[in-house]
file final-v9.cif (mmCIF, C-alpha atoms)
data_work
loop_
_atom_site.label_atom_id
_atom_site.label_comp_id
_atom_site.auth_asym_id
_atom_site.auth_seq_id
_atom_site.Cartn_x
_atom_site.Cartn_y
_atom_site.Cartn_z
CA MET A 1 94.38 92.55 10.11
CA GLN A 2 96.26 89.67 11.67
CA PRO A 3 95.93 89.43 15.48
CA MET A 4 99.06 90.14 17.48
CA PRO A 5 100.75 86.98 18.78
CA VAL A 6 100.58 86.13 22.44
CA VAL A 7 104.08 86.81 23.73
CA ARG A 8 105.98 85.91 26.88
CA PRO A 9 107.85 89.16 27.67
CA ALA A 10 111.37 89.26 29.03
CA ALA A 11 111.30 88.84 32.81
CA VAL A 12 114.96 89.24 33.84
CA ALA A 13 116.31 91.80 31.34
CA GLY A 14 118.17 94.39 33.37
CA LEU A 15 118.82 91.85 36.11
CA PHE A 16 120.63 88.88 34.60
CA TYR A 17 121.68 90.66 31.41
CA PRO A 18 121.48 94.20 29.98
CA ALA A 19 118.04 95.47 28.99
CA GLU A 20 119.42 97.98 26.48
CA PRO A 21 119.80 96.22 23.09
CA ALA A 22 123.07 97.84 21.99
CA ARG A 23 124.73 97.14 25.31
CA LEU A 24 123.44 93.57 25.28
CA ARG A 25 124.76 92.94 21.77
CA ALA A 26 128.14 94.42 22.66
CA GLN A 27 128.46 92.31 25.79
CA ILE A 28 127.60 89.05 24.02
CA ALA A 29 129.88 89.93 21.10
CA ALA A 30 132.74 90.48 23.55
CA PHE A 31 132.12 87.12 25.20
CA LEU A 32 132.01 85.36 21.84
CA GLY A 33 135.05 87.20 20.56
CA ALA A 34 137.10 86.07 23.53
CA SER A 35 136.06 82.44 23.08
CA ASP A 36 138.38 80.00 21.34
CA ALA A 37 136.11 78.24 18.85
CA ASP A 38 138.67 77.89 16.10
CA ASP A 39 139.35 74.20 16.69
CA ALA A 40 138.28 71.56 14.21
CA GLY A 41 135.13 69.65 14.93
CA HIS A 42 131.47 69.32 14.15
CA VAL A 43 128.81 71.77 15.19
CA PRO A 44 127.54 70.35 18.50
CA LYS A 45 124.19 68.62 18.43
CA LEU A 46 123.73 69.37 22.12
CA VAL A 47 125.30 71.82 24.56
CA ILE A 48 125.05 72.36 28.31
CA VAL A 49 125.48 75.99 29.38
CA PRO A 50 125.11 77.95 32.65
CA HIS A 51 122.30 80.41 33.36
CA ALA A 52 123.59 82.88 35.92
CA GLY A 53 123.93 86.61 35.35
CA TYR A 54 126.13 87.29 32.35
CA LEU A 55 128.74 88.96 34.56
CA TYR A 56 129.33 85.61 36.24
CA SER A 57 128.71 82.96 33.59
CA GLY A 58 128.48 84.70 30.22
CA ALA A 59 132.08 83.93 29.27
CA ILE A 60 131.54 80.26 30.09
CA ALA A 61 128.33 80.01 28.08
CA ALA A 62 130.07 81.70 25.15
CA ARG A 63 132.50 78.79 24.87
CA ALA A 64 129.59 76.59 23.78
CA TYR A 65 127.73 79.21 21.77
CA ALA A 66 130.80 80.07 19.71
CA ARG A 67 130.85 76.48 18.52
CA LEU A 68 127.12 76.46 17.92
CA SER A 69 127.46 79.60 15.80
CA ARG A 70 129.33 77.65 13.13
CA GLY A 71 126.00 75.99 12.28
CA ARG A 72 124.15 79.26 11.73
CA PRO A 73 123.32 78.63 8.07
CA GLN A 74 121.66 75.29 8.81
CA ILE A 75 120.22 75.53 12.33
CA THR A 76 116.57 76.60 12.21
CA ARG A 77 115.22 75.10 15.44
CA VAL A 78 116.46 75.01 19.03
CA VAL A 79 115.09 72.75 21.75
CA LEU A 80 115.78 74.53 25.04
CA LEU A 81 115.46 72.86 28.44
CA GLY A 82 116.03 74.28 31.90
CA PRO A 83 115.04 73.56 35.49
CA ALA A 84 112.05 75.10 37.24
CA HIS A 85 113.20 77.58 39.88
CA ARG A 86 109.97 79.37 40.81
CA THR A 87 106.99 77.13 40.05
CA ALA A 88 106.38 73.46 40.80
CA VAL A 89 106.20 71.43 37.59
CA ARG A 90 104.92 67.88 37.53
CA ALA A 91 107.25 66.78 34.74
CA LEU A 92 107.84 69.06 31.73
CA ALA A 93 105.97 72.25 30.92
CA ALA A 94 105.63 73.60 27.39
CA PRO A 95 104.19 77.10 26.96
CA GLU A 96 101.05 78.05 25.07
CA VAL A 97 102.27 81.47 23.90
CA GLU A 98 103.36 82.05 20.34
CA ALA A 99 106.69 83.76 21.00
CA PHE A 100 109.25 84.71 23.63
CA GLU A 101 110.61 88.24 23.68
CA THR A 102 114.02 89.66 24.64
CA PRO A 103 115.54 93.11 24.11
CA LEU A 104 116.85 91.73 20.80
CA GLY A 105 113.40 90.89 19.49
CA ARG A 106 110.89 88.06 19.39
CA VAL A 107 111.62 84.37 18.98
CA SER A 108 108.75 82.39 17.49
CA LEU A 109 107.86 79.03 18.97
CA ASP A 110 107.70 75.90 16.84
CA GLN A 111 104.00 75.27 17.27
CA ALA A 112 104.02 72.09 15.18
CA ALA A 113 106.75 70.57 17.32
CA LEU A 114 104.96 71.55 20.53
CA ALA A 115 101.71 70.07 19.26
CA GLY A 116 103.62 66.89 18.43
CA LEU A 117 104.40 66.44 22.12
CA GLY A 118 100.69 66.21 22.92
CA GLY A 119 100.71 62.44 23.09
CA LEU A 120 103.36 62.36 25.82
CA ALA A 121 101.85 62.24 29.29
CA GLN A 122 104.91 63.86 30.87
CA VAL A 123 104.42 67.11 28.91
CA GLU A 124 101.82 69.68 29.99
CA ARG A 125 100.98 72.98 28.31
CA ASP A 126 101.27 75.74 30.87
CA ASP A 127 102.59 79.30 30.60
CA LEU A 128 102.91 79.83 34.36
CA PRO A 129 106.24 77.97 34.86
CA HIS A 130 107.72 80.02 32.02
CA ALA A 131 106.51 83.45 33.14
CA ASP A 132 109.35 84.28 35.55
CA GLU A 133 111.79 81.47 34.77
CA HIS A 134 115.29 82.75 34.07
CA SER A 135 117.00 79.49 33.14
CA LEU A 136 115.57 79.56 29.62
CA GLU A 137 115.39 83.31 29.09
CA VAL A 138 119.08 84.03 29.64
CA GLN A 139 119.97 81.68 26.77
CA LEU A 140 117.82 83.48 24.21
CA PRO A 141 120.00 86.56 23.56
CA PHE A 142 123.00 84.28 23.03
CA LEU A 143 120.97 82.19 20.58
CA GLN A 144 119.71 85.28 18.79
CA MET A 145 123.23 86.60 18.39
CA THR A 146 124.76 83.32 17.25
CA LEU A 147 121.98 81.85 15.10
CA GLY A 148 119.88 84.78 13.92
CA ALA A 149 116.38 83.53 13.12
CA PHE A 150 115.28 80.20 14.53
CA ALA A 151 112.17 78.51 15.94
CA LEU A 152 112.16 77.65 19.63
CA VAL A 153 110.86 74.67 21.59
CA PRO A 154 111.16 75.78 25.26
CA LEU A 155 110.60 73.27 28.06
CA VAL A 156 110.78 73.87 31.80
CA VAL A 157 111.67 70.63 33.57
CA GLY A 158 110.41 69.82 37.04
CA ASP A 159 109.80 66.50 38.76
CA ALA A 160 110.59 64.22 35.84
CA ARG A 161 112.55 61.01 35.40
CA PRO A 162 115.56 61.07 33.08
CA ASP A 163 113.88 58.60 30.73
CA GLN A 164 110.86 60.90 30.46
CA VAL A 165 113.11 63.78 29.43
CA ALA A 166 115.05 61.55 27.03
CA ARG A 167 111.84 60.43 25.34
CA VAL A 168 110.85 64.03 24.72
CA LEU A 169 114.27 64.75 23.25
CA GLU A 170 114.00 61.72 21.00
CA ARG A 171 110.68 63.04 19.71
CA LEU A 172 112.29 66.42 18.97
CA TRP A 173 115.72 65.19 17.83
CA GLY A 174 115.33 66.09 14.17
CA GLY A 175 118.31 66.43 11.86
CA ASP A 176 120.96 69.05 11.15
CA GLU A 177 118.35 71.79 11.47
CA THR A 178 117.79 71.05 15.18
CA ARG A 179 120.09 71.65 18.14
CA ILE A 180 119.48 71.04 21.85
CA VAL A 181 120.49 73.43 24.64
CA VAL A 182 120.33 72.39 28.30
CA SER A 183 120.58 75.22 30.82
CA SER A 184 122.13 74.48 34.21
CA ASP A 185 124.57 75.78 36.78
CA LEU A 186 126.63 73.35 38.84
CA SER A 187 127.31 73.40 42.61
CA HIS A 188 125.78 76.10 44.78
CA TYR A 189 127.22 77.97 47.77
CA LEU A 190 130.26 75.85 48.54
CA ARG A 191 133.63 77.37 49.32
CA HIS A 192 135.77 77.94 46.24
CA SER A 193 138.07 74.97 46.73
CA GLN A 194 135.17 72.67 47.60
CA ALA A 195 133.29 73.82 44.51
CA GLN A 196 136.29 73.16 42.30
CA THR A 197 136.48 69.57 43.55
CA ALA A 198 132.73 68.98 43.38
CA ASP A 199 132.31 70.52 39.93
CA LEU A 200 135.25 68.60 38.48
CA ALA A 201 133.63 65.37 39.69
CA SER A 202 130.31 66.42 38.13
CA ALA A 203 132.03 67.35 34.87
CA ARG A 204 133.70 63.94 34.72
CA GLN A 205 130.32 62.32 35.29
CA ILE A 206 128.76 64.35 32.47
CA VAL A 207 131.59 63.53 30.07
CA ALA A 208 131.18 59.87 31.00
CA LEU A 209 127.48 60.15 30.00
CA ASP A 210 126.50 59.01 33.48
CA PRO A 211 122.84 60.08 33.94
CA THR A 212 122.78 60.01 37.74
CA LEU A 213 123.60 63.61 38.63
CA GLN A 214 121.93 64.88 41.79
CA VAL A 215 120.37 68.31 42.25
CA ASP A 216 123.09 69.34 44.70
CA GLN A 217 125.57 68.81 41.85
CA ALA A 218 123.58 70.82 39.30
CA CYS A 219 120.26 72.66 39.57
CA GLY A 220 119.46 71.30 36.11
CA ALA A 221 120.39 67.72 37.02
CA ILE A 222 117.08 66.33 35.75
CA PRO A 223 117.24 67.80 32.22
CA ILE A 224 120.96 67.04 32.09
CA ASN A 225 120.37 63.40 33.01
CA GLY A 226 117.71 63.09 30.33
CA ALA A 227 120.02 64.67 27.79
CA LEU A 228 122.84 62.33 28.77
CA LEU A 229 120.57 59.33 28.22
CA ALA A 230 119.61 60.61 24.78
CA ALA A 231 123.22 61.48 23.93
CA ARG A 232 124.37 58.00 24.92
CA ARG A 233 121.68 56.35 22.81
CA ARG A 234 122.59 58.54 19.84
CA GLY A 235 126.33 57.98 20.16
CA LEU A 236 127.28 61.61 20.77
CA VAL A 237 130.82 62.42 21.88
CA PRO A 238 130.95 64.75 24.92
CA ARG A 239 133.55 67.40 25.57
CA LEU A 240 134.18 69.71 28.51
CA LEU A 241 134.79 73.25 27.20
CA ALA A 242 135.11 75.29 30.39
CA LEU A 243 134.72 74.92 34.15
CA ARG A 244 134.80 77.84 36.59
CA ASN A 245 132.86 79.34 39.46
CA SER A 246 131.70 82.76 40.56
CA GLY A 247 134.69 83.12 42.87
CA ASP A 248 136.95 83.23 39.81
CA ILE A 249 135.07 86.37 38.71
CA THR A 250 134.35 88.18 41.94
CA GLY A 251 137.27 87.09 44.10
CA ASP A 252 134.83 86.16 46.88
CA HIS A 253 135.59 82.50 47.63
CA ARG A 254 133.22 81.98 50.54
CA ARG A 255 129.99 80.91 48.79
CA VAL A 256 130.32 80.34 45.07
CA VAL A 257 128.26 78.92 42.23
CA GLY A 258 129.82 76.59 39.69
CA TYR A 259 129.51 76.95 35.92
CA GLY A 260 130.41 74.55 33.14
CA ALA A 261 130.07 74.45 29.36
CA PHE A 262 129.88 71.15 27.49
CA ALA A 263 129.49 70.20 23.82
CA PHE A 264 128.20 66.89 22.46
CA GLU A 265 129.07 66.14 18.84
CA SER A 266 128.13 63.44 16.40
CA ARG A 267 130.80 60.84 15.65
CA VAL A 268 130.39 61.44 11.90
#
call {"tool": "encode", "arguments": {"input": "final-v9.cif", "output": "structure tokens"}}
result
Amino acid sequence: MQPMPVVRPAAVAGLFYPAEPARLRAQIAAFLGASDADDAGHVPKLVIVPHAGYLYSGAIAARAYARLSRGRPQITRVVLLGPAHRTAVRALAAPEVEAFETPLGRVSLDQAALAGLGGLAQVERDDLPHADEHSLEVQLPFLQMTLGAFALVPLVVGDARPDQVARVLERLWGGDETRIVVSSDLSHYLRHSQAQTADLASARQIVALDPTLQVDQACGAIPINGALLAARRRGLVPRLLALRNSGDITGDHRRVVGYGAFAFESRV
């Protein structure tokens, strides 16, 4: 009998997104169905998506995932990066478990790809930063719905330089089978009008491939900056898909969180 894999269970199901599978599928399907992904263009090589509760940011994330879904027949691996919210991480943390679990099932990790990062000093193998981290987990049900089966390379990013992140992405870049997802919200706890101004400036910086975002602009500034470096080197073309904040959903404009969706496509 084969031993059961070591699995990282869902930590924020029922908090950030529904824990009941049918309800979760229906909610994601509604987000995707309302997204306008019928424009011409390539399947993005890289996307930036928010990681708040689905009530607040799910519709924004869906704008990117609807475009990613067009690559479902060919995409078999996803490199997923997000910031560390709960545990200090020296640079980048890769897990040692064999799979991540959500209410929609298990996602196997690409063990060969993770082992291939062993020669990079900025990558450590540690399950602790992943155990309660929501920035990666909230992306998984969207990926499961849009791509079906795929192998995952999950990386929690802490105190790293953009070039360290970019080097990891270069190692994992792959071909048409691989896509990169960076998980990040934008400004935090500004007034609605202030957030609109700040987030528009950040969005312009991202679209300009300027890898100098600060953490007060985006909680995932470090993985975003690394991704922007890699995108610039690879000649990707960035595009802003959506830009909103929690005040647009709740009507409370006093202290909002900003959300943006971005797609980066190959020139050919």
call {"tool": "closest_residue", "arguments": {"input": "final-v9.cif", "among": "A:Ile60, A:Ala66, A:Ala29, A:Val78", "to": "Val43 in chain A", "atoms": "only C-alpha atoms"}}
result
A:Ala66
call {"tool": "resolve_selection", "arguments": {"input": "final-v9.cif", "expression": "the PyMOL selection byres ((chain A and resi 241) around 8)", "output": "list of chain:residue names"}}
result
A:Arg63, A:Ala64, A:Arg239, A:Leu240, A:Ala242, A:Leu243, A:Gly260, A:Ala261, A:Phe262, A:Ala263
call {"tool": "write_last_selection", "arguments": {"input": "final-v9.cif", "atoms": "C-alpha atoms", "output": "PDB file, in the frame of the given file"}}
result
ATOM      1  CA  ARG A  63     132.500  78.790  24.870  1.00  0.00           C
ATOM      2  CA  ALA A  64     129.590  76.590  23.780  1.00  0.00           C
ATOM      3  CA  ARG A 239     133.550  67.400  25.570  1.00  0.00           C
ATOM      4  CA  LEU A 240     134.180  69.710  28.510  1.00  0.00           C
ATOM      5  CA  ALA A 242     135.110  75.290  30.390  1.00  0.00           C
ATOM      6  CA  LEU A 243     134.720  74.920  34.150  1.00  0.00           C
ATOM      7  CA  GLY A 260     130.410  74.550  33.140  1.00  0.00           C
ATOM      8  CA  ALA A 261     130.070  74.450  29.360  1.00  0.00           C
ATOM      9  CA  PHE A 262     129.880  71.150  27.490  1.00  0.00           C
ATOM     10  CA  ALA A 263     129.490  70.200  23.820  1.00  0.00           C
TER      11      ALA A 263
END
call {"tool": "atom_distance", "arguments": {"input": "final-v9.cif", "atom1": "CA of Val123 in chain A", "atom2": "CA of Val168 in chain A"}}
result
8.3 Å
call {"tool": "atom_distance", "arguments": {"input": "final-v9.cif", "atom1": "CA of Val138 in chain A", "atom2": "CA of Pro50 in chain A"}}
result
9.1 Å
call {"tool": "residues_near_point", "arguments": {"input": "final-v9.cif", "point": "(126.7, 62.3, 35.6)", "cutoff": "9 Å", "atoms": "all atoms listed in the file", "output": "PDB file with C-alpha atoms, in the frame of the given file"}}
result
ATOM      1  CA  ALA A 201     133.630  65.370  39.690  1.00  0.00           C
ATOM      2  CA  SER A 202     130.310  66.420  38.130  1.00  0.00           C
ATOM      3  CA  ALA A 203     132.030  67.350  34.870  1.00  0.00           C
ATOM      4  CA  ARG A 204     133.700  63.940  34.720  1.00  0.00           C
ATOM      5  CA  GLN A 205     130.320  62.320  35.290  1.00  0.00           C
ATOM      6  CA  ILE A 206     128.760  64.350  32.470  1.00  0.00           C
ATOM      7  CA  VAL A 207     131.590  63.530  30.070  1.00  0.00           C
ATOM      8  CA  ALA A 208     131.180  59.870  31.000  1.00  0.00           C
ATOM      9  CA  LEU A 209     127.480  60.150  30.000  1.00  0.00           C
ATOM     10  CA  ASP A 210     126.500  59.010  33.480  1.00  0.00           C
ATOM     11  CA  PRO A 211     122.840  60.080  33.940  1.00  0.00           C
ATOM     12  CA  THR A 212     122.780  60.010  37.740  1.00  0.00           C
ATOM     13  CA  LEU A 213     123.600  63.610  38.630  1.00  0.00           C
ATOM     14  CA  GLN A 214     121.930  64.880  41.790  1.00  0.00           C
ATOM     15  CA  ALA A 221     120.390  67.720  37.020  1.00  0.00           C
ATOM     16  CA  ILE A 224     120.960  67.040  32.090  1.00  0.00           C
ATOM     17  CA  ASN A 225     120.370  63.400  33.010  1.00  0.00           C
ATOM     18  CA  LEU A 228     122.840  62.330  28.770  1.00  0.00           C
TER      19      LEU A 228
END
call {"tool": "residues_near_point", "arguments": {"input": "final-v9.cif", "point": "(122.3, 76.4, 36.8)", "cutoff": "10 Å", "atoms": "only C-alpha atoms", "output": "mmCIF file with C-alpha atoms, in the frame of the given file"}}
result
data_model
loop_
_atom_site.group_PDB
_atom_site.id
_atom_site.type_symbol
_atom_site.label_atom_id
_atom_site.label_comp_id
_atom_site.auth_asym_id
_atom_site.auth_seq_id
_atom_site.Cartn_x
_atom_site.Cartn_y
_atom_site.Cartn_z
ATOM 1 C CA ILE A 48 125.050 72.360 28.310
ATOM 2 C CA VAL A 49 125.480 75.990 29.380
ATOM 3 C CA PRO A 50 125.110 77.950 32.650
ATOM 4 C CA HIS A 51 122.300 80.410 33.360
ATOM 5 C CA ALA A 52 123.590 82.880 35.920
ATOM 6 C CA SER A 57 128.710 82.960 33.590
ATOM 7 C CA GLY A 82 116.030 74.280 31.900
ATOM 8 C CA PRO A 83 115.040 73.560 35.490
ATOM 9 C CA HIS A 85 113.200 77.580 39.880
ATOM 10 C CA HIS A 134 115.290 82.750 34.070
ATOM 11 C CA SER A 135 117.000 79.490 33.140
ATOM 12 C CA VAL A 182 120.330 72.390 28.300
ATOM 13 C CA SER A 183 120.580 75.220 30.820
ATOM 14 C CA SER A 184 122.130 74.480 34.210
ATOM 15 C CA ASP A 185 124.570 75.780 36.780
ATOM 16 C CA LEU A 186 126.630 73.350 38.840
ATOM 17 C CA SER A 187 127.310 73.400 42.610
ATOM 18 C CA HIS A 188 125.780 76.100 44.780
ATOM 19 C CA VAL A 215 120.370 68.310 42.250
ATOM 20 C CA GLN A 217 125.570 68.810 41.850
ATOM 21 C CA ALA A 218 123.580 70.820 39.300
ATOM 22 C CA CYS A 219 120.260 72.660 39.570
ATOM 23 C CA GLY A 220 119.460 71.300 36.110
ATOM 24 C CA ALA A 221 120.390 67.720 37.020
ATOM 25 C CA VAL A 257 128.260 78.920 42.230
ATOM 26 C CA GLY A 258 129.820 76.590 39.690
ATOM 27 C CA TYR A 259 129.510 76.950 35.920
ATOM 28 C CA GLY A 260 130.410 74.550 33.140
#
call {"tool": "resolve_selection", "arguments": {"input": "final-v9.cif", "expression": "the PyMOL selection byres ((chain A and resi 84) around 7)", "output": "JSON, numbers by chain"}}
result
{"A": [82, 83, 85, 86, 87, 88, 89, 129, 133, 156, 157, 158]}
call {"tool": "closest_residue", "arguments": {"input": "final-v9.cif", "among": "A:Val6, A:Ala160, A:Val79, A:Val181", "to": "Gln122 in chain A", "atoms": "all atoms listed in the file"}}
result
A:Ala160
call {"tool": "residues_around", "arguments": {"input": "final-v9.cif", "residues": "range 98-110 of chain A", "least_positions_apart": "2", "cutoff": "9 Å", "atoms": "all atoms listed in the file", "output": "count of residues only"}}
result
33
call {"tool": "residues_around", "arguments": {"input": "final-v9.cif", "residues": "His42 in chain A", "least_positions_apart": "4", "cutoff": "12 Å", "atoms": "only C-alpha atoms", "output": "list in words"}}
result
Ala37, Asp38, Leu46, Arg67, Leu68, Ser69, Arg70, Gly71, Asp176, Leu236, Val237, Pro238, Arg239, Ala263, Phe264, Glu265, Ser266, Arg267 and Val268 of chain A
call {"tool": "atom_distance", "arguments": {"input": "final-v9.cif", "atom1": "CA of Ser35 in chain A", "atom2": "CA of Tyr54 in chain A"}}
result
14.4 Å
call {"tool": "resolve_selection", "arguments": {"input": "final-v9.cif", "expression": "the PyMOL selection byres ((chain A and resi 169) around 10)", "output": "number ranges by chain"}}
result
A: 79, 81, 163-168, 170-174, 180, 223, 226-227, 229-231
call {"tool": "closest_residue", "arguments": {"input": "final-v9.cif", "among": "A:Gln74, A:Gln139, A:Thr197, A:Leu92", "to": "Ile222 in chain A", "atoms": "all atoms listed in the file"}}
result
A:Leu92
call {"tool": "build_atoms", "arguments": {"input": "final-v9.cif", "residues": "range 10-24 of chain A", "atoms": "N, CA and C atoms", "output": "short mmCIF file (atom, residue, chain, number, x, y, z; two decimals), in the coordinates of the input"}}
result
data_model
loop_
_atom_site.label_atom_id
_atom_site.label_comp_id
_atom_site.auth_asym_id
_atom_site.auth_seq_id
_atom_site.Cartn_x
_atom_site.Cartn_y
_atom_site.Cartn_z
N ALA A 10 110.17 89.48 28.24
CA ALA A 10 111.37 89.26 29.03
C ALA A 10 111.10 89.57 30.49
N ALA A 11 111.55 88.69 31.38
CA ALA A 11 111.30 88.84 32.81
C ALA A 11 112.55 89.27 33.58
N VAL A 12 113.74 88.96 33.07
CA VAL A 12 114.96 89.24 33.84
C VAL A 12 115.94 90.14 33.09
N ALA A 13 115.48 90.79 32.00
CA ALA A 13 116.31 91.80 31.34
C ALA A 13 116.57 92.93 32.33
N GLY A 14 117.80 93.38 32.40
CA GLY A 14 118.17 94.39 33.37
C GLY A 14 118.59 93.83 34.71
N LEU A 15 118.40 92.53 34.89
CA LEU A 15 118.82 91.85 36.11
C LEU A 15 119.94 90.85 35.82
N PHE A 16 119.64 89.90 34.94
CA PHE A 16 120.63 88.88 34.60
C PHE A 16 121.49 89.31 33.40
N TYR A 17 120.96 90.20 32.60
CA TYR A 17 121.68 90.66 31.41
C TYR A 17 121.16 92.05 31.06
N PRO A 18 121.89 92.82 30.26
CA PRO A 18 121.48 94.20 29.98
C PRO A 18 120.13 94.27 29.26
N ALA A 19 119.34 95.26 29.62
CA ALA A 19 118.04 95.47 28.99
C ALA A 19 118.14 96.34 27.74
N GLU A 20 119.25 97.09 27.63
CA GLU A 20 119.42 97.98 26.48
C GLU A 20 120.03 97.18 25.33
N PRO A 21 119.36 97.11 24.16
CA PRO A 21 119.80 96.22 23.09
C PRO A 21 121.25 96.40 22.65
N ALA A 22 121.70 97.63 22.46
CA ALA A 22 123.07 97.84 21.99
C ALA A 22 124.09 97.35 23.00
N ARG A 23 123.82 97.61 24.26
CA ARG A 23 124.73 97.14 25.31
C ARG A 23 124.73 95.62 25.39
N LEU A 24 123.55 95.03 25.23
CA LEU A 24 123.44 93.57 25.28
C LEU A 24 124.20 92.94 24.12
#
